[in-house]
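Undergrad: Sharing data39.txt (compact mmCIF, C-alpha atoms and all ligand atoms) below.
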```
# COMPACT_ATOMS: atom_id res chain seq x y z
CA MET H 1 4.86 -79.99 -24.75
CA MET H 2 6.67 -79.97 -28.08
CA ALA H 3 7.30 -76.60 -29.61
CA THR H 4 6.72 -76.53 -33.34
CA GLN H 5 7.38 -74.05 -36.07
CA SER H 6 5.44 -73.94 -39.31
CA ALA H 7 7.32 -74.74 -42.50
CA GLY H 8 8.16 -71.28 -43.78
CA LYS H 9 4.86 -70.41 -45.42
CA VAL H 10 4.86 -66.75 -46.41
CA ASN H 11 1.65 -64.67 -46.35
CA ASP H 12 0.51 -61.90 -48.71
CA TYR H 13 2.57 -59.34 -46.80
CA GLY H 14 5.76 -61.40 -46.96
CA TYR H 15 5.76 -62.65 -43.34
CA ARG H 16 5.97 -66.20 -42.04
CA SER H 17 3.58 -67.66 -39.47
CA PHE H 18 4.73 -69.54 -36.38
CA GLU H 19 3.33 -72.06 -33.92
CA LEU H 20 4.23 -72.77 -30.33
CA GLY H 21 2.12 -75.56 -28.83
CA GLY H 22 -1.50 -74.38 -29.24
CA PHE H 23 -0.52 -70.77 -29.99
CA LYS H 24 -0.33 -69.42 -33.55
CA PHE H 25 1.44 -66.18 -34.43
CA GLU H 26 0.80 -64.17 -37.60
CA ARG H 27 1.57 -60.62 -38.65
CA ASP H 28 0.22 -58.28 -41.27
CA GLU H 29 1.18 -54.68 -42.02
CA TYR H 30 0.14 -53.27 -38.64
CA PHE H 31 -0.65 -56.06 -36.19
CA ALA H 32 0.62 -59.21 -34.57
CA HIS H 33 -2.25 -61.71 -34.30
CA ILE H 34 -2.12 -64.46 -31.69
CA THR H 35 -4.68 -67.27 -31.75
CA TRP H 36 -5.28 -70.27 -29.50
CA PRO H 37 -8.17 -72.79 -29.48
CA ALA H 38 -10.47 -70.67 -27.26
CA GLY H 39 -9.60 -67.17 -28.41
CA SER H 40 -7.61 -64.64 -30.37
CA HIS H 41 -5.78 -61.41 -29.69
CA SER H 42 -4.18 -58.65 -31.76
CA MET H 43 -1.64 -56.05 -30.79
CA PRO H 44 0.26 -53.33 -32.69
CA VAL H 45 3.29 -55.07 -34.17
CA ASP H 46 5.78 -52.41 -33.05
CA LEU H 47 4.73 -52.96 -29.44
CA PHE H 48 4.79 -56.73 -29.92
CA LEU H 49 8.37 -56.65 -31.28
CA ARG H 50 9.55 -54.20 -28.60
CA ALA H 51 8.23 -56.56 -25.92
CA MET H 52 9.57 -59.66 -27.66
CA ILE H 53 13.15 -58.39 -27.96
CA ARG H 54 13.24 -57.56 -24.25
CA ASP H 55 11.72 -60.86 -23.19
CA LEU H 56 14.53 -62.55 -25.17
CA ALA H 57 17.34 -60.22 -24.09
CA TRP H 58 16.42 -60.71 -20.43
CA SER H 59 16.02 -64.51 -20.76
CA PHE H 60 12.36 -64.09 -19.71
CA PHE H 61 13.31 -61.73 -16.87
CA TYR H 62 12.13 -61.99 -13.26
CA GLY H 63 8.54 -63.23 -12.99
CA THR H 64 6.03 -62.17 -15.62
CA VAL H 65 6.55 -60.21 -18.82
CA ASN H 66 3.13 -59.03 -20.01
CA PHE H 67 3.40 -57.91 -23.64
CA ASP H 68 0.10 -56.12 -22.97
CA SER H 69 -2.96 -56.87 -20.80
CA VAL H 70 -3.52 -60.27 -22.49
CA PHE H 71 -0.37 -62.01 -23.79
CA GLY H 72 2.87 -62.78 -22.01
CA THR H 73 5.34 -65.15 -20.35
CA THR H 74 6.11 -66.18 -16.79
CA ASN H 75 9.63 -67.31 -16.02
CA HIS H 76 10.19 -70.44 -13.94
CA TYR H 77 13.94 -70.31 -14.64
CA GLY H 78 14.48 -73.26 -17.00
CA ASN H 79 10.89 -73.49 -18.17
CA VAL H 80 8.44 -70.76 -19.14
CA ASP H 81 4.65 -70.36 -19.09
CA VAL H 82 3.33 -68.76 -22.25
CA PHE H 83 -0.16 -67.39 -21.61
CA ALA H 84 -3.07 -65.49 -23.09
CA GLY H 85 -5.75 -63.99 -20.84
CA LEU H 86 -4.34 -65.68 -17.74
CA TYR H 87 -4.07 -62.40 -15.83
CA SER H 88 -7.30 -60.88 -17.13
CA ASP H 89 -10.42 -61.57 -15.06
CA GLY H 90 -12.74 -61.54 -18.09
CA TYR H 91 -10.82 -64.26 -19.94
CA ARG H 92 -10.53 -66.41 -16.83
CA LYS H 93 -14.19 -66.12 -15.82
CA HIS H 94 -15.29 -67.34 -19.24
CA ASN H 95 -12.55 -69.92 -19.49
CA ARG H 96 -11.10 -68.30 -22.61
CA HIS H 97 -7.56 -68.08 -21.29
CA ARG H 98 -4.72 -70.43 -22.15
CA VAL H 99 -1.42 -71.21 -20.49
CA GLU H 100 1.18 -73.70 -21.67
CA ASN H 101 4.52 -74.55 -20.15
CA PHE H 102 7.60 -75.04 -22.36
CA LYS H 103 11.30 -75.50 -21.94
CA SER H 104 12.86 -72.01 -22.04
CA ASP H 105 15.05 -72.96 -25.02
CA ASP H 106 12.00 -73.95 -27.09
CA VAL H 107 10.26 -70.62 -26.49
CA LYS H 108 13.53 -68.79 -27.16
CA ALA H 109 13.95 -70.54 -30.52
CA ILE H 110 10.45 -69.62 -31.76
CA PHE H 111 10.55 -66.07 -30.38
CA GLU H 112 13.94 -65.48 -32.03
CA ALA H 113 12.60 -66.75 -35.35
CA ILE H 114 9.55 -64.47 -35.10
CA LEU H 115 11.68 -61.45 -34.16
CA GLU H 116 14.06 -62.08 -37.05
CA ASP H 117 11.32 -62.58 -39.65
CA TRP H 118 9.03 -59.75 -38.54
CA THR H 119 11.60 -56.98 -37.93
CA ASN H 120 11.98 -54.82 -41.03
CA GLU H 121 15.13 -52.99 -42.05
CA ARG H 122 15.52 -49.68 -40.18
CA PHE H 123 13.17 -50.75 -37.34
CA ASP H 124 15.09 -51.08 -34.10
CA PRO H 125 12.85 -52.50 -31.34
CA PHE H 126 15.26 -51.31 -28.62
CA ALA H 127 15.40 -47.71 -29.83
CA ALA H 128 13.20 -44.80 -28.78
CA PRO H 129 10.41 -44.17 -31.32
CA GLN H 130 12.13 -40.96 -32.45
CA GLU H 131 15.39 -42.80 -33.10
CA THR H 132 14.09 -45.61 -35.31
CA GLY H 133 12.32 -46.22 -38.60
CA SER H 134 8.89 -47.80 -38.84
CA ALA H 135 7.91 -51.36 -37.92
CA PHE H 136 4.87 -51.26 -40.19
CA GLY H 137 4.13 -52.23 -43.77
CA PRO H 138 4.89 -55.26 -45.92
CA LYS H 139 8.13 -57.15 -45.34
CA ARG H 140 11.14 -55.01 -46.14
CA GLY H 141 14.57 -56.55 -45.54
CA SER H 142 15.75 -57.28 -42.01
CA ASN H 143 17.72 -55.68 -39.18
CA ARG H 144 20.02 -58.31 -37.74
CA ALA H 145 22.44 -55.77 -36.25
CA ALA H 146 19.65 -54.32 -34.09
CA ILE H 147 18.20 -57.62 -32.92
CA THR H 148 21.45 -59.44 -32.12
CA ARG H 149 22.95 -56.84 -29.76
CA LYS H 150 24.51 -58.52 -26.75
CA ARG H 151 23.15 -57.55 -23.34
CA LEU H 152 25.94 -55.89 -21.39
CA THR H 153 26.46 -57.56 -18.02
CA ALA H 154 29.42 -56.70 -15.86
CA ARG H 155 30.93 -59.53 -13.83
CA ARG H 156 32.24 -57.11 -11.18
CA MET H 157 32.12 -53.58 -12.55
CA VAL H 158 32.19 -51.78 -15.89
CA GLY H 159 35.73 -50.87 -16.95
CA MET H 160 37.61 -53.30 -14.69
CA LYS H 161 40.25 -55.58 -16.13
CA ASP H 162 38.66 -58.58 -17.91
CA ASP H 163 35.20 -57.00 -17.62
CA ILE H 164 32.94 -55.12 -20.04
CA PRO H 165 34.60 -51.92 -21.31
CA LEU H 166 33.59 -48.27 -20.95
CA ARG H 167 31.60 -46.87 -23.87
CA THR H 168 33.41 -44.44 -26.18
CA ASP H 169 32.86 -42.61 -29.47
CA ALA H 170 35.48 -44.91 -30.98
CA THR H 171 33.45 -48.02 -30.14
CA GLY H 172 30.30 -46.48 -31.61
CA TYR H 173 28.66 -45.41 -28.35
CA THR H 174 28.09 -41.69 -28.79
CA VAL H 175 26.38 -39.48 -26.22
CA ASN H 176 22.60 -39.54 -26.69
CA ARG H 177 21.01 -36.39 -28.12
CA GLN H 178 19.00 -35.81 -24.94
CA LEU H 179 21.90 -36.32 -22.53
CA ALA H 180 24.40 -34.01 -24.25
CA ASP H 181 24.93 -32.00 -21.04
CA VAL H 182 26.25 -35.00 -19.07
CA ASN H 183 29.85 -34.48 -17.98
CA GLN H 184 32.14 -37.05 -19.60
CA ASP H 185 35.24 -36.74 -17.35
CA GLU H 186 36.50 -40.00 -15.88
CA PRO H 187 37.54 -40.12 -12.21
CA GLU H 188 41.22 -40.58 -11.34
CA VAL H 189 41.94 -43.71 -9.32
CA HIS H 190 45.16 -43.93 -7.28
CA ALA H 191 45.23 -47.39 -5.73
CA GLU H 192 47.79 -48.46 -3.16
CA PRO H 193 50.29 -50.89 -4.71
CA GLY H 194 48.79 -54.37 -4.65
CA PHE H 195 45.18 -53.12 -4.72
CA GLU H 196 45.04 -52.13 -8.40
CA SER H 197 42.51 -54.88 -9.19
CA GLU H 198 40.38 -54.11 -6.11
CA VAL H 199 39.87 -50.34 -6.34
CA HIS H 200 37.94 -48.99 -9.28
CA ALA H 201 35.69 -46.12 -10.30
CA PHE H 202 34.07 -44.90 -13.49
CA ASN H 203 31.76 -42.09 -14.58
CA PHE H 204 28.40 -43.82 -14.22
CA PHE H 205 26.40 -40.92 -15.73
CA GLY H 206 28.84 -40.70 -18.64
CA TYR H 207 28.54 -44.44 -19.26
CA VAL H 208 24.75 -44.42 -19.20
CA SER H 209 24.46 -41.27 -21.35
CA ARG H 210 26.06 -43.36 -24.13
CA SER H 211 23.46 -46.12 -24.07
CA ASP H 212 21.98 -46.71 -27.53
CA VAL H 213 18.94 -48.60 -26.22
CA THR H 214 15.92 -47.78 -24.06
CA TRP H 215 14.21 -49.77 -21.30
CA ASN H 216 17.00 -52.33 -21.21
CA PRO H 217 18.81 -52.42 -17.87
CA SER H 218 22.44 -53.55 -18.17
CA VAL H 219 24.39 -54.82 -15.19
CA CYS H 220 27.04 -52.21 -14.33
CA ALA H 221 28.21 -53.65 -11.01
CA ALA H 222 27.59 -56.88 -9.15
CA VAL H 223 28.23 -57.92 -5.55
CA LYS H 224 27.09 -61.51 -5.10
CA ASP H 225 23.34 -61.42 -5.94
CA ALA H 226 23.03 -57.62 -5.73
CA LEU H 227 23.00 -56.23 -9.27
CA ILE H 228 23.28 -52.51 -10.00
CA CYS H 229 21.59 -52.03 -13.38
CA ALA H 230 21.49 -48.80 -15.35
CA THR H 231 19.17 -47.90 -18.15
CA THR H 232 18.03 -44.94 -20.22
CA GLU H 233 14.29 -44.61 -20.60
CA GLU H 234 12.30 -42.77 -23.27
CA TYR H 235 8.63 -43.16 -24.24
CA MET H 236 7.17 -46.19 -22.43
CA LEU H 237 8.34 -49.50 -21.03
CA PRO H 238 7.12 -51.83 -23.79
CA VAL H 239 6.17 -54.55 -21.30
CA ILE H 240 4.09 -54.61 -18.14
CA HIS H 241 6.37 -56.31 -15.68
CA GLY H 242 4.88 -58.64 -13.04
CA ASN H 243 7.52 -58.73 -10.31
CA ASP H 244 8.47 -61.92 -8.47
CA ARG H 245 10.73 -60.00 -6.08
CA VAL H 246 11.22 -56.45 -4.85
CA GLU H 247 12.98 -54.01 -7.17
CA TRP H 248 14.55 -50.76 -5.99
CA PHE H 249 14.47 -47.81 -8.38
CA VAL H 250 16.63 -44.68 -8.12
CA GLN H 251 15.61 -41.96 -10.55
CA LEU H 252 18.89 -40.33 -11.58
CA SER H 253 17.59 -37.71 -14.00
CA ASP H 254 14.34 -36.28 -15.35
CA GLN H 255 11.05 -38.05 -14.59
CA ILE H 256 9.23 -41.36 -14.99
CA GLU H 257 5.58 -41.99 -14.14
CA TRP H 258 4.72 -45.54 -13.14
CA ASP H 259 1.33 -47.24 -13.23
CA VAL H 260 1.40 -49.87 -10.50
CA SER H 261 -1.34 -52.54 -10.43
CA ASP H 262 -2.17 -55.81 -8.76
CA ARG H 263 -0.01 -58.48 -10.40
CA GLU H 264 -2.82 -61.03 -10.78
CA THR H 265 -5.89 -58.92 -11.62
CA GLY H 266 -4.36 -55.77 -13.08
CA GLU H 267 -6.46 -53.65 -10.72
CA MET H 268 -4.80 -50.23 -10.36
CA ARG H 269 -2.97 -49.80 -7.07
CA ALA H 270 -0.84 -46.67 -7.36
CA ARG H 271 0.57 -44.09 -9.68
CA VAL H 272 4.15 -43.27 -8.76
CA VAL H 273 5.72 -40.08 -10.10
CA MET H 274 9.49 -40.28 -9.75
CA LYS H 275 11.58 -37.15 -10.15
CA ALA H 276 15.37 -36.95 -10.20
CA GLY H 277 16.68 -38.11 -6.82
CA ASP H 278 13.55 -40.10 -5.86
CA VAL H 279 13.91 -43.67 -4.61
CA ALA H 280 11.15 -46.31 -4.71
CA ALA H 281 10.85 -49.95 -3.70
CA MET H 282 8.49 -51.70 -6.11
CA PRO H 283 6.72 -54.50 -4.19
CA ALA H 284 7.05 -58.17 -5.10
CA ASP H 285 3.33 -58.64 -5.88
CA ILE H 286 2.67 -55.93 -8.46
CA ARG H 287 2.78 -55.34 -12.18
CA HIS H 288 4.07 -52.01 -13.42
CA GLN H 289 4.68 -49.98 -16.53
CA GLY H 290 6.68 -46.76 -16.76
CA TYR H 291 6.35 -43.66 -18.94
CA SER H 292 9.29 -41.36 -19.56
CA PRO H 293 8.32 -38.21 -21.52
CA LYS H 294 11.99 -37.33 -22.06
CA ARG H 295 15.03 -39.62 -22.06
CA SER H 296 15.84 -40.22 -18.40
CA ILE H 297 18.36 -42.22 -16.42
CA LEU H 298 17.13 -44.94 -14.07
CA LEU H 299 19.13 -47.11 -11.73
CA VAL H 300 17.51 -50.47 -10.95
CA TRP H 301 18.82 -52.51 -8.05
CA GLU H 302 17.87 -56.18 -8.44
CA ASN H 303 18.48 -59.12 -6.16
CA ASN H 304 19.19 -62.16 -8.33
CA ASP H 305 18.91 -64.75 -5.49
CA PRO H 306 17.00 -67.68 -7.06
CA SER H 307 15.27 -68.59 -3.78
CA LEU H 308 13.35 -65.27 -3.59
CA PRO H 309 10.22 -66.07 -5.67
CA GLU H 310 9.35 -69.02 -3.45
CA LEU H 311 9.90 -67.04 -0.23
CA TYR H 312 7.49 -64.35 -1.45
CA ALA H 313 4.98 -66.90 -2.79
CA LYS H 314 4.90 -68.67 0.60
CA GLY H 315 4.56 -65.39 2.48
CA GLN H 316 7.90 -65.87 4.24
CA LEU H 317 8.99 -62.46 3.00
CA LYS H 318 6.76 -59.40 2.96
CA SER H 319 6.03 -58.12 -0.53
CA ASN H 320 6.98 -54.58 0.49
CA PRO H 321 10.43 -54.16 2.06
CA VAL H 322 9.60 -50.93 3.93
CA ASP H 323 6.57 -49.62 5.81
CA PHE H 324 5.98 -45.90 5.99
C1 LIG B 1 11.04 -53.29 -14.63
O1 LIG B 1 10.11 -53.95 -15.04
O2 LIG B 1 11.22 -53.23 -13.43
C2 LIG B 1 11.89 -52.53 -15.57
C3 LIG B 1 12.17 -53.07 -16.79
C4 LIG B 1 12.95 -52.35 -17.69
C5 LIG B 1 13.46 -51.12 -17.33
C6 LIG B 1 13.18 -50.60 -16.08
C7 LIG B 1 12.39 -51.30 -15.20
O3 LIG B 1 14.20 -50.45 -18.18
FE FE B 2 9.78 -54.58 -12.62
```
Could you render the structure as structure tokens?
Ligand code: PHB
Ligand code: FE
TA:
Amino acid sequence: MMATQSAGKVNDYGYRSFELGGFKFERDEYFAHITWPAGSHSMPVDLFLRAMIRDLAWSFFYGTVNFDSVFGTTNHYGNVDVFAGLYSDGYRKHNRHRVENFKSDDVKAIFEAILEDWTNERFDPFAAPQETGSAFGPKRGSNRAAITRKRLTARRMVGMKDDIPLRTDATGYTVNRQLADVNQDEPEVHAEPGFESEVHAFNFFGYVSRSDVTWNPSVCAAVKDALICATTEEYMLPVIHGNDRVEWFVQLSDQIEWDVSDRETGEMRARVVMKAGDVAAMPADIRHQGYSPKRSILLVWENNDPSLPELYAKGQLKSNPVDF
């Protein structure tokens, strides 16, 4: 289907409206409003923009990114389903849901335009609520610096030659206010001659304590499809992630509580309280959302193998990797 974008009409609050297939997007001072032929939905605009920036930064991520219980996207890696009510029984039973498939680039273009137009100056959708200005009110400038941050993805490992650099005060990555007690010493590496490009180490906690974003895993080390991602978490994950593969979590500091539900129906399945040192394998058939009362450090181990979603969908792999 063709993706379209309305011709720059500005509403009373200063914001433009957008169209993507049969979906219309409008914002006012507090809400994002989404309408489609059989229904409509509203969500707080700060939450909408926090979800939108992550959906874009992660190129639609693994599986489903629910902005909330109604609206979201499902990644088919090249094309994307945009849906409303698809994973809510009530909408489906009454045939009020909608799902449309688009080329990923078409969704990206519209979502980027919405994010740019609807993000006010001083609102940073990646920042913790206590570290950003307000998303609300009539249109007030823009915040391009915040919304065009590059996602940091190491090819081999942070700090190696020709790879992404360590974070330092000099490059603008200061230690976060809540991780001030993290030791910042770097390890000494003494490689045998000839192995200088093969042996490497860096202070992982120090690196992560300097993250200026929340709920945004960045790849710190990669071995084939195994990606070691680190992230600092504060307040709540602004999306409800519907996994299409298993994800391993290692809680490295403080505490996160996870609501874990059935991916399709949203029916609650478990509440997982992870304290520093805890390890969890999130199954491949769930949706989950995390809550971090204080800034915490989470390591996420992802397997990027593109054949995994089909193996799980066909039941050739069990959705839980361990039985207890
Ligand atoms: C996840 O959905 O698994 C997820 C997303 C973002 C994070 C952590 C976990 O920061
Ligand atoms: Fe997840």
Undergrad: My list of candidates is H:Pro321, H:Gly85, H:Gly277, H:Gly242. Which is closest to ligand FE 2 (chain B) when distances are computed with all atoms listed in the file?
TA: H:Gly242
Undergrad: Would you name the residues within 7 Å of ligand FE 2 (chain B), counting all atoms listed in the file, and put them as a list in words?
TA: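 Those residues are His241, Gly242, Asn243, Glu247 and His288 of chain H.
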Undergrad: Given the choices H:Asn66, H:Thr153, H:Asn320, H:Asn176, which gets closest to ligand LIG 1 (chain B) if the distance is worked out from only C-alpha atoms and all ligand atoms?
TA: H:Asn66
Undergrad: Would you name the residues within 9 Å of ligand LIG 1 (chain B), counting only C-alpha atoms and all ligand atoms, and put them as JSON, numbers by chain?
TA: {"H": [54, 61, 62, 65, 214, 215, 216, 217, 218, 229, 230, 231, 232, 233, 237, 238, 239, 240, 241, 242, 243, 247, 248, 249, 282, 287, 288, 289, 290, 298, 299, 300, 302]}
Undergrad: Would you output that residue set with C-alpha atoms, as a short mmCIF file (atom, residue, chain, number, x, y, z; two decimals), keeping the file's coordinate frame?
TA:
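Saved to part_31.cif:
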```cif
data_model
loop_
_atom_site.label_atom_id
_atom_site.label_comp_id
_atom_site.auth_asym_id
_atom_site.auth_seq_id
_atom_site.Cartn_x
_atom_site.Cartn_y
_atom_site.Cartn_z
CA ARG H 54 13.24 -57.56 -24.25
CA PHE H 61 13.31 -61.73 -16.87
CA TYR H 62 12.13 -61.99 -13.26
CA VAL H 65 6.55 -60.21 -18.82
CA THR H 214 15.92 -47.78 -24.06
CA TRP H 215 14.21 -49.77 -21.30
CA ASN H 216 17.00 -52.33 -21.21
CA PRO H 217 18.81 -52.42 -17.87
CA SER H 218 22.44 -53.55 -18.17
CA CYS H 229 21.59 -52.03 -13.38
CA ALA H 230 21.49 -48.80 -15.35
CA THR H 231 19.17 -47.90 -18.15
CA THR H 232 18.03 -44.94 -20.22
CA GLU H 233 14.29 -44.61 -20.60
CA LEU H 237 8.34 -49.50 -21.03
CA PRO H 238 7.12 -51.83 -23.79
CA VAL H 239 6.17 -54.55 -21.30
CA ILE H 240 4.09 -54.61 -18.14
CA HIS H 241 6.37 -56.31 -15.68
CA GLY H 242 4.88 -58.64 -13.04
CA ASN H 243 7.52 -58.73 -10.31
CA GLU H 247 12.98 -54.01 -7.17
CA TRP H 248 14.55 -50.76 -5.99
CA PHE H 249 14.47 -47.81 -8.38
CA MET H 282 8.49 -51.70 -6.11
CA ARG H 287 2.78 -55.34 -12.18
CA HIS H 288 4.07 -52.01 -13.42
CA GLN H 289 4.68 -49.98 -16.53
CA GLY H 290 6.68 -46.76 -16.76
CA LEU H 298 17.13 -44.94 -14.07
CA LEU H 299 19.13 -47.11 -11.73
CA VAL H 300 17.51 -50.47 -10.95
CA GLU H 302 17.87 -56.18 -8.44
#
```
Undergrad: Show me the residues around (20.2, -56.9, -40.8) - criterion: an atom at most 12 Å away, all atoms listed in the file counted - as a PyMOL selection string.
TA: chain H and resi 115-124+140-149
Undergrad: Take the residues that were just selected and, keeping C-alpha atoms, output them as a PDB file, in the frame of the given file.
TA:
```pdb
ATOM      1  CA  LEU H 115      11.680 -61.450 -34.160  1.00  0.00           C
ATOM      2  CA  GLU H 116      14.060 -62.080 -37.050  1.00  0.00           C
ATOM      3  CA  ASP H 117      11.320 -62.580 -39.650  1.00  0.00           C
ATOM      4  CA  TRP H 118       9.030 -59.750 -38.540  1.00  0.00           C
ATOM      5  CA  THR H 119      11.600 -56.980 -37.930  1.00  0.00           C
ATOM      6  CA  ASN H 120      11.980 -54.820 -41.030  1.00  0.00           C
ATOM      7  CA  GLU H 121      15.130 -52.990 -42.050  1.00  0.00           C
ATOM      8  CA  ARG H 122      15.520 -49.680 -40.180  1.00  0.00           C
ATOM      9  CA  PHE H 123      13.170 -50.750 -37.340  1.00  0.00           C
ATOM     10  CA  ASP H 124      15.090 -51.080 -34.100  1.00  0.00           C
ATOM     11  CA  ARG H 140      11.140 -55.010 -46.140  1.00  0.00           C
ATOM     12  CA  GLY H 141      14.570 -56.550 -45.540  1.00  0.00           C
ATOM     13  CA  SER H 142      15.750 -57.280 -42.010  1.00  0.00           C
ATOM     14  CA  ASN H 143      17.720 -55.680 -39.180  1.00  0.00           C
ATOM     15  CA  ARG H 144      20.020 -58.310 -37.740  1.00  0.00           C
ATOM     16  CA  ALA H 145      22.440 -55.770 -36.250  1.00  0.00           C
ATOM     17  CA  ALA H 146      19.650 -54.320 -34.090  1.00  0.00           C
ATOM     18  CA  ILE H 147      18.200 -57.620 -32.920  1.00  0.00           C
ATOM     19  CA  THR H 148      21.450 -59.440 -32.120  1.00  0.00           C
ATOM     20  CA  ARG H 149      22.950 -56.840 -29.760  1.00  0.00           C
TER      21      ARG H 149
END
```
Undergrad: In terms of the shortest atom-to-atom distance over all atoms listed in the file, which of H:Leu166, H:Gln251, H:Gly63, H:Asp262 is closest to Pro309 (chain H)?
TA: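 Going through H:Leu166, H:Gln251, H:Gly63, H:Asp262 one by one, the smallest distance to Pro309 (chain H) is for H:Gly63.
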